[in-house]
file run_25.tsv (TSV, C-alpha atoms)
chain	number	residue	atom	x	y	z
N	25	MET	CA	138.93	98.04	56.11
N	26	ASN	CA	140.72	101.06	57.54
N	27	LEU	CA	143.68	101.34	59.90
N	28	LEU	CA	145.36	104.35	61.52
N	29	PHE	CA	149.09	104.71	62.04
N	30	ILE	CA	150.15	107.57	64.34
N	31	GLY	CA	153.65	109.07	64.21
N	32	ASP	CA	156.24	109.30	67.00
N	33	VAL	CA	154.61	110.52	70.24
N	34	VAL	CA	156.72	113.14	72.03
N	35	GLY	CA	156.27	113.75	75.75
N	36	LYS	CA	153.25	114.52	77.92
N	37	GLY	CA	151.66	116.80	75.33
N	38	GLY	CA	151.91	114.11	72.69
N	39	ARG	CA	150.31	111.54	74.96
N	40	ALA	CA	147.48	113.93	75.79
N	41	ALA	CA	146.87	114.62	72.10
N	42	VAL	CA	146.69	110.90	71.30
N	43	ASN	CA	144.05	110.23	73.94
N	44	ALA	CA	142.10	113.34	73.03
N	45	LEU	CA	142.11	112.92	69.26
N	46	VAL	CA	142.43	109.22	68.40
N	47	PRO	CA	138.93	108.18	69.57
N	48	GLU	CA	137.44	110.81	67.24
N	49	LEU	CA	139.84	109.87	64.45
N	50	ARG	CA	138.65	106.27	64.68
N	51	LYS	CA	135.13	107.51	63.99
N	52	LYS	CA	136.17	110.04	61.35
N	53	TYR	CA	138.07	107.46	59.29
N	54	ASN	CA	136.01	104.42	60.31
N	55	ALA	CA	139.24	102.80	61.50
N	56	GLN	CA	139.10	99.40	63.17
N	57	PHE	CA	142.73	99.29	64.33
N	58	VAL	CA	145.22	101.90	65.58
N	59	ILE	CA	149.02	101.63	65.79
N	60	VAL	CA	150.95	104.33	67.65
N	61	ASN	CA	154.73	104.78	67.66
N	62	GLY	CA	155.52	105.61	71.30
N	63	GLU	CA	159.25	106.08	70.75
N	64	ASN	CA	159.55	109.41	72.59
N	65	ALA	CA	156.51	109.26	74.87
N	66	ALA	CA	158.41	109.35	78.20
N	67	ALA	CA	159.73	112.92	78.55
N	68	GLY	CA	160.93	112.75	74.95
N	69	ASN	CA	163.07	109.64	75.33
N	70	GLY	CA	161.74	106.10	75.25
N	71	LEU	CA	158.80	104.52	77.03
N	72	SER	CA	157.76	103.75	80.59
N	73	GLU	CA	155.07	101.55	82.09
N	74	SER	CA	152.85	104.52	82.92
N	75	CYS	CA	153.21	105.92	79.39
N	76	VAL	CA	152.30	102.56	77.86
N	77	ILE	CA	149.19	102.28	80.03
N	78	GLU	CA	148.18	105.81	79.03
N	79	LEU	CA	148.66	105.24	75.30
N	80	LEU	CA	146.91	101.87	75.31
N	81	LYS	CA	143.70	103.67	76.25
N	82	SER	CA	143.53	104.72	72.60
N	83	ALA	CA	145.98	102.49	70.71
N	84	ASP	CA	145.71	98.80	69.85
N	85	VAL	CA	149.48	98.40	69.47
N	86	ILE	CA	152.50	100.55	70.41
N	87	THR	CA	155.71	100.37	68.39
N	88	SER	CA	159.11	101.81	69.32
N	89	GLY	CA	162.58	102.40	67.92
N	90	ASP	CA	166.16	103.24	68.81
N	91	HIS	CA	165.17	104.92	72.11
N	92	THR	CA	163.33	101.85	73.41
N	93	TRP	CA	165.63	101.37	76.42
N	94	ASP	CA	166.22	105.03	77.33
N	95	GLN	CA	164.03	104.89	80.44
N	96	LYS	CA	165.55	102.99	83.36
N	97	GLY	CA	163.63	99.83	84.14
N	98	PHE	CA	161.71	99.55	80.89
N	99	GLU	CA	163.67	96.43	80.02
N	100	ASN	CA	161.64	94.74	82.76
N	101	GLU	CA	158.39	96.64	82.27
N	102	ILE	CA	158.09	95.75	78.57
N	103	LYS	CA	157.65	92.09	79.51
N	104	ARG	CA	154.22	92.95	80.98
N	105	PHE	CA	152.81	94.27	77.71
N	106	ASP	CA	151.95	91.98	74.81
N	107	ARG	CA	150.87	95.00	72.76
N	108	VAL	CA	154.23	96.79	72.84
N	109	ILE	CA	156.63	95.98	70.00
N	110	ARG	CA	160.34	96.87	69.98
N	111	PRO	CA	162.51	96.61	66.84
N	112	ALA	CA	162.80	93.01	65.71
N	113	ASN	CA	166.40	93.45	64.58
N	114	PHE	CA	167.64	94.27	68.07
N	115	ARG	CA	169.69	91.44	69.57
N	116	SER	CA	167.61	88.37	70.33
N	117	THR	CA	168.84	88.45	73.94
N	118	GLN	CA	167.01	91.74	74.55
N	119	PRO	CA	163.58	91.59	76.23
N	120	GLY	CA	160.31	92.16	74.45
N	121	ARG	CA	159.36	91.05	70.97
N	122	GLY	CA	159.80	92.52	67.52
N	123	TYR	CA	156.48	91.52	66.02
N	124	GLY	CA	153.08	90.20	66.95
N	125	VAL	CA	149.79	89.06	65.48
N	126	PHE	CA	146.85	90.87	67.01
N	127	PRO	CA	143.12	90.19	66.78
N	128	ASN	CA	141.04	92.62	64.78
N	129	PRO	CA	137.32	91.86	65.20
N	130	ALA	CA	136.55	93.51	61.87
N	131	SER	CA	139.07	91.66	59.71
N	132	GLY	CA	140.53	88.65	61.50
N	133	SER	CA	144.05	89.63	62.55
N	134	VAL	CA	146.80	92.18	61.97
N	135	ALA	CA	150.53	91.44	62.11
N	136	VAL	CA	152.68	94.35	63.27
N	137	ILE	CA	156.46	94.30	62.73
N	138	ALA	CA	158.92	96.91	64.05
N	139	LEU	CA	162.33	97.39	62.46
N	140	CYS	CA	165.20	99.80	63.09
N	141	GLY	CA	167.34	101.19	60.29
N	142	LYS	CA	171.14	101.04	60.18
N	143	VAL	CA	172.14	104.09	58.11
N	144	PHE	CA	173.09	107.08	60.35
N	145	MET	CA	171.57	105.38	63.41
N	146	LYS	CA	173.55	105.46	66.65
N	147	ASP	CA	172.54	102.04	67.91
N	148	SER	CA	173.76	98.85	66.30
N	149	ALA	CA	171.13	96.50	64.93
N	150	SER	CA	171.23	93.54	62.62
N	151	CYS	CA	170.17	93.81	58.98
N	152	PRO	CA	166.50	94.87	58.86
N	153	PHE	CA	166.03	93.37	55.40
N	154	GLU	CA	167.23	89.94	56.47
N	155	THR	CA	165.24	90.18	59.71
N	156	VAL	CA	161.92	91.00	58.06
N	157	GLU	CA	162.36	88.20	55.51
N	158	LYS	CA	162.75	85.72	58.37
N	159	ILE	CA	159.68	87.07	60.17
N	160	LEU	CA	157.53	86.85	57.05
N	161	SER	CA	158.51	83.21	56.65
N	162	GLU	CA	157.35	82.57	60.23
N	163	LEU	CA	153.95	84.27	60.06
N	164	PRO	CA	150.92	81.98	59.68
N	165	SER	CA	149.76	81.84	56.07
N	166	GLN	CA	146.27	83.01	57.03
N	167	VAL	CA	147.62	86.36	58.27
N	168	LYS	CA	147.22	88.68	55.28
N	169	THR	CA	147.27	92.15	56.87
N	170	ILE	CA	150.91	92.96	57.73
N	171	ILE	CA	152.07	96.40	58.86
N	172	VAL	CA	155.74	97.35	59.14
N	173	ASP	CA	157.02	100.30	61.19
N	174	PHE	CA	160.48	101.07	59.79
N	175	HIS	CA	162.19	103.39	62.27
N	176	ALA	CA	165.06	104.81	60.23
N	177	GLU	CA	166.97	108.01	59.51
N	178	ALA	CA	167.82	107.75	55.81
N	179	THR	CA	165.01	108.28	53.33
N	180	SER	CA	166.85	106.05	50.86
N	181	GLU	CA	166.83	103.13	53.31
N	182	LYS	CA	163.11	103.64	54.00
N	183	ILE	CA	162.18	103.78	50.34
N	184	ALA	CA	164.34	100.74	49.61
N	185	MET	CA	162.59	98.80	52.38
N	186	ALA	CA	159.17	99.70	50.98
N	187	GLU	CA	160.20	98.51	47.51
N	188	PHE	CA	161.77	95.36	48.96
N	189	LEU	CA	158.50	94.50	50.70
N	190	ASP	CA	156.14	95.52	47.90
N	191	GLY	CA	153.59	92.75	47.48
N	192	LYS	CA	154.75	91.00	50.66
N	193	VAL	CA	153.13	93.27	53.27
N	194	THR	CA	150.16	95.62	53.44
N	195	ALA	CA	152.05	98.79	54.38
N	196	VAL	CA	155.48	100.15	55.30
N	197	PHE	CA	155.28	103.24	57.50
N	198	GLY	CA	158.50	105.16	58.12
N	199	THR	CA	159.10	106.77	61.51
N	200	HIS	CA	161.94	108.47	63.45
N	201	THR	CA	162.57	111.79	61.66
N	202	HIS	CA	159.38	113.47	63.01
N	203	VAL	CA	158.76	115.32	59.72
N	204	GLN	CA	155.79	114.07	57.72
N	205	THR	CA	156.61	113.38	54.07
N	206	SER	CA	154.17	114.03	51.23
N	207	ASP	CA	154.71	110.72	49.45
N	208	ALA	CA	151.90	108.45	50.66
N	209	ARG	CA	151.41	105.99	47.81
N	210	ILE	CA	150.47	102.48	46.74
N	211	LEU	CA	153.37	100.63	45.12
N	212	ALA	CA	153.12	98.48	42.02
N	213	ASN	CA	152.30	95.25	43.84
N	214	GLY	CA	149.81	96.64	46.36
N	215	THR	CA	151.88	97.76	49.35
N	216	ALA	CA	151.22	101.22	50.81
N	217	ALA	CA	154.23	103.32	51.77
N	218	VAL	CA	154.97	106.60	53.56
N	219	THR	CA	158.61	107.59	54.03
N	220	ASP	CA	157.84	109.26	57.38
N	221	VAL	CA	154.48	109.59	59.08
N	222	GLY	CA	155.61	112.49	61.30
N	223	MET	CA	155.16	113.05	65.04
N	224	VAL	CA	152.74	113.93	67.80
N	225	GLY	CA	154.34	116.96	69.41
N	226	ALA	CA	154.33	120.72	69.74
N	227	ASP	CA	153.63	122.45	66.45
N	228	HIS	CA	156.07	125.24	67.34
N	229	SER	CA	159.12	123.17	68.15
N	230	VAL	CA	162.13	121.51	66.61
N	231	LEU	CA	161.03	117.89	66.31
N	232	GLY	CA	159.09	118.29	69.57
N	233	ARG	CA	161.89	120.04	71.47
N	234	SER	CA	162.18	123.65	72.67
N	235	VAL	CA	163.01	125.95	69.75
N	236	ASP	CA	165.25	128.22	71.84
N	237	ALA	CA	167.25	125.32	73.26
N	238	VAL	CA	167.81	123.63	69.92
N	239	VAL	CA	168.81	126.88	68.22
N	240	LYS	CA	171.23	127.64	71.08
N	241	LYS	CA	172.83	124.20	70.65
N	242	PHE	CA	173.37	124.74	66.92
N	243	VAL	CA	174.62	128.31	67.30
N	244	SER	CA	176.93	127.70	70.28
N	245	GLY	CA	178.17	124.24	69.37
N	246	MET	CA	178.01	123.43	73.08
N	247	PRO	CA	176.05	120.71	74.91
N	248	VAL	CA	172.59	122.03	75.74
N	249	ARG	CA	169.69	120.34	77.49
N	250	LEU	CA	166.82	119.97	74.99
N	251	PRO	CA	163.54	119.96	76.91
N	252	VAL	CA	160.33	118.76	75.30
N	253	GLU	CA	158.02	121.62	74.29
N	254	GLU	CA	154.81	120.78	76.15
N	255	ASN	CA	152.81	123.99	75.74
N	256	GLY	CA	150.59	125.46	73.06
N	257	LYS	CA	149.27	123.69	70.00
N	258	ILE	CA	150.13	120.00	69.64
N	259	ARG	CA	150.14	118.51	66.15
N	260	LEU	CA	149.18	114.89	65.62
N	261	ASP	CA	150.54	113.44	62.38
N	262	GLY	CA	149.24	110.15	61.07
N	263	ALA	CA	148.21	108.07	58.10
N	264	VAL	CA	144.96	106.31	57.29
N	265	LEU	CA	145.31	103.07	55.38
N	266	SER	CA	142.51	101.34	53.48
N	267	TYR	CA	143.08	97.69	52.63
N	268	ASP	CA	141.47	94.45	51.53
N	269	PRO	CA	141.62	92.02	54.47
N	270	VAL	CA	141.24	89.01	52.18
N	271	SER	CA	144.25	89.73	49.98
N	272	GLY	CA	146.15	91.98	52.39
N	273	ARG	CA	146.68	94.51	49.61
N	274	ALA	CA	146.38	98.24	50.27
N	275	THR	CA	143.75	100.16	48.31
N	276	ASP	CA	144.40	103.71	49.54
N	277	CYS	CA	146.75	105.59	51.86
N	278	LYS	CA	146.62	109.23	52.95
N	279	THR	CA	148.48	111.27	55.56
N	280	PHE	CA	146.81	113.84	57.82
N	281	SER	CA	147.54	116.26	60.66
N	282	GLU	CA	145.19	117.22	63.48
N	283	TYR	CA	145.68	119.74	66.29
N	284	PHE	CA	145.08	119.79	70.04
N	285	ASN	CA	145.60	122.74	72.38
N	286	ILE	CA	147.24	122.13	75.75
call {"tool": "encode", "arguments": {"input": "run_25.tsv", "output": "structure tokens"}}
result
Amino acid sequence: MNLLFIGDVVGKGGRAAVNALVPELRKKYNAQFVIVNGENAAAGNGLSESCVIELLKSADVITSGDHTWDQKGFENEIKRFDRVIRPANFRSTQPGRGYGVFPNPASGSVAVIALCGKVFMKDSASCPFETVEKILSELPSQVKTIIVDFHAEATSEKIAMAEFLDGKVTAVFGTHTHVQTSDARILANGTAAVTDVGMVGADHSVLGRSVDAVVKKFVSGMPVRLPVEENGKIRLDGAVLSYDPVSGRATDCKTFSEYFNI
């Protein structure tokens, strides 16, 4: 079985690229399930109801990260969407859910877990290692395909999480830094890992933001508005995972990039 994981979607251009490219990518990779990180889909910061509806045209599940609550009102809107997952190690009093088990007609079911890292991250969250252990103990034993989106800044924390979960989950996909890493691999006990899948955003940008604005901020040292770069060529970064639905073990994992012109 094959599954697609798409990196952090940035702005209107990113959303357009997802809906333009993902249907063809499903066919190209014979993928039965698609997970999209929508972390920056709403004008570069967080999610909104309209963005969720747009992305769910192509995605089976949307994950998020430290910008989950950046858009006013999303704390209420998220309650309407069973297929949107916010980090599980946010406080339990926050709305939404941190994991879910979703039907996959081709292979029974897929569990999707979202976690937020702690190292260098601005928002406080509880220990992601402790949180994921608890979730795994709660999942039904018949659920073998388990995908973790680890939204974290430090590569060391991401690699440590992948090793910690080796043999316990099908794949650990890192998100948040928007730069695709060239380390897609299968670990010793059958878990696939990618330190960062990348983003869906302008190819000529700084992590999806205007080059001129970001450079000005670094050079001047002053506060500068950082608009999303919505024009030109949009790059869609993702990973295709092959796995055995009976054992839940990964058999292959490769990253890719596709392009869409606005």
call {"tool": "closest_residue", "arguments": {"input": "run_25.tsv", "among": "N:Gly124, N:Gly214, N:Gly141, N:Gly62", "to": "N:Leu265", "atoms": "only C-alpha atoms"}}
result
N:Gly214
call {"tool": "closest_residue", "arguments": {"input": "run_25.tsv", "among": "N:His228, N:Arg107, N:Arg259, N:Lys96", "to": "N:Gly31", "atoms": "all atoms listed in the file"}}
result
N:Arg259
call {"tool": "residues_around", "arguments": {"input": "run_25.tsv", "residues": "N:Thr275", "least_positions_apart": "6", "cutoff": "9 Å", "atoms": "all atoms listed in the file", "output": "VMD selection string"}}
result
chain N and resid 210 214 to 216 265 to 268
call {"tool": "atom_distance", "arguments": {"input": "run_25.tsv", "atom1": "atom CA of N:Lys146", "atom2": "atom CA of N:Pro251"}}
result
20.4 Å
call {"tool": "atom_distance", "arguments": {"input": "run_25.tsv", "atom1": "atom CA of N:Ser72", "atom2": "atom CA of N:Thr179"}}
result
28.6 Å
call {"tool": "residues_around", "arguments": {"input": "run_25.tsv", "residues": "stretch 160-166 of chain N", "least_positions_apart": "6", "cutoff": "9 Å", "atoms": "only C-alpha atoms", "output": "VMD selection string"}}
result
chain N and resid 125 133 135 192 to 193
call {"tool": "residues_around", "arguments": {"input": "run_25.tsv", "residues": "stretch 65-67 of chain N", "least_positions_apart": "3", "cutoff": "6 Å", "atoms": "only C-alpha atoms", "output": "ChimeraX atom specification"}}
result
/N:33-35,62,70-71
call {"tool": "axis_aligned_box", "arguments": {"input": "run_25.tsv", "around": "stretch 127-132 of chain N", "padding_each_side": "8 Å", "output": "lines of an AutoDock Vina configuration file"}}
result
center_x = 139.8
center_y = 91.1
center_z = 63.2
size_x = 22.6
size_y = 20.9
size_z = 23.1
call {"tool": "residues_around", "arguments": {"input": "run_25.tsv", "residues": "stretch 38-50 of chain N", "least_positions_apart": "2", "cutoff": "6 Å", "atoms": "all atoms listed in the file", "output": "ChimeraX atom specification"}}
result
/N:33-36,52-55,82,224-225,284
call {"tool": "write_last_selection", "arguments": {"input": "run_25.tsv", "atoms": "C-alpha atoms", "output": "compact mmCIF listing (two decimals), keeping the file's coordinate frame"}}
result
# COMPACT_ATOMS: atom_id res chain seq x y z
CA VAL N 33 154.61 110.52 70.24
CA VAL N 34 156.72 113.14 72.03
CA GLY N 35 156.27 113.75 75.75
CA LYS N 36 153.25 114.52 77.92
CA LYS N 52 136.17 110.04 61.35
CA TYR N 53 138.07 107.46 59.29
CA ASN N 54 136.01 104.42 60.31
CA ALA N 55 139.24 102.80 61.50
CA SER N 82 143.53 104.72 72.60
CA VAL N 224 152.74 113.93 67.80
CA GLY N 225 154.34 116.96 69.41
CA PHE N 284 145.08 119.79 70.04
call {"tool": "build_atoms", "arguments": {"input": "run_25.tsv", "residues": "stretch 123-144 of chain N", "atoms": "N, CA and C atoms", "output": "tab-separated table (two decimals), in the coordinates of the input"}}
result
chain	number	residue	atom	x	y	z
N	123	TYR	N	157.70	91.56	66.82
N	123	TYR	CA	156.48	91.52	66.02
N	123	TYR	C	155.41	90.75	66.77
N	124	GLY	N	154.19	90.92	66.34
N	124	GLY	CA	153.08	90.20	66.95
N	124	GLY	C	151.91	90.13	66.00
N	125	VAL	N	151.04	89.18	66.23
N	125	VAL	CA	149.79	89.06	65.48
N	125	VAL	C	148.67	89.36	66.45
N	126	PHE	N	147.85	90.35	66.10
N	126	PHE	CA	146.85	90.87	67.01
N	126	PHE	C	145.45	90.70	66.43
N	127	PRO	N	144.49	90.36	67.28
N	127	PRO	CA	143.12	90.19	66.78
N	127	PRO	C	142.51	91.52	66.36
N	128	ASN	N	141.80	91.49	65.26
N	128	ASN	CA	141.04	92.62	64.78
N	128	ASN	C	139.64	92.11	64.49
N	129	PRO	N	138.67	92.42	65.36
N	129	PRO	CA	137.32	91.86	65.20
N	129	PRO	C	136.72	92.10	63.82
N	130	ALA	N	137.14	93.18	63.17
N	130	ALA	CA	136.55	93.51	61.87
N	130	ALA	C	137.16	92.74	60.71
N	131	SER	N	138.42	92.28	60.88
N	131	SER	CA	139.07	91.66	59.71
N	131	SER	C	140.00	90.51	60.08
N	132	GLY	N	139.73	89.82	61.15
N	132	GLY	CA	140.53	88.65	61.50
N	132	GLY	C	141.72	88.99	62.36
N	133	SER	N	142.85	89.34	61.77
N	133	SER	CA	144.05	89.63	62.55
N	133	SER	C	144.96	90.58	61.77
N	134	VAL	N	145.83	91.25	62.54
N	134	VAL	CA	146.80	92.18	61.97
N	134	VAL	C	148.18	91.84	62.53
N	135	ALA	N	149.15	91.62	61.66
N	135	ALA	CA	150.53	91.44	62.11
N	135	ALA	C	151.23	92.80	62.09
N	136	VAL	N	151.94	93.10	63.16
N	136	VAL	CA	152.68	94.35	63.27
N	136	VAL	C	154.15	94.00	63.49
N	137	ILE	N	155.01	94.54	62.65
N	137	ILE	CA	156.46	94.30	62.73
N	137	ILE	C	157.17	95.64	62.91
N	138	ALA	N	158.10	95.71	63.86
N	138	ALA	CA	158.92	96.91	64.05
N	138	ALA	C	160.35	96.60	63.64
N	139	LEU	N	160.95	97.53	62.91
N	139	LEU	CA	162.33	97.39	62.46
N	139	LEU	C	163.06	98.70	62.69
N	140	CYS	N	164.36	98.62	62.93
N	140	CYS	CA	165.20	99.80	63.09
N	140	CYS	C	166.20	99.86	61.94
N	141	GLY	N	166.39	101.04	61.37
N	141	GLY	CA	167.34	101.19	60.29
N	141	GLY	C	168.78	101.15	60.78
N	142	LYS	N	169.72	101.07	59.84
N	142	LYS	CA	171.14	101.04	60.18
N	142	LYS	C	171.89	102.30	59.73
N	143	VAL	N	171.43	102.94	58.67
N	143	VAL	CA	172.14	104.09	58.11
N	143	VAL	C	171.96	105.31	59.02
N	144	PHE	N	173.06	105.88	59.50
N	144	PHE	CA	173.09	107.08	60.35
N	144	PHE	C	172.44	106.87	61.72
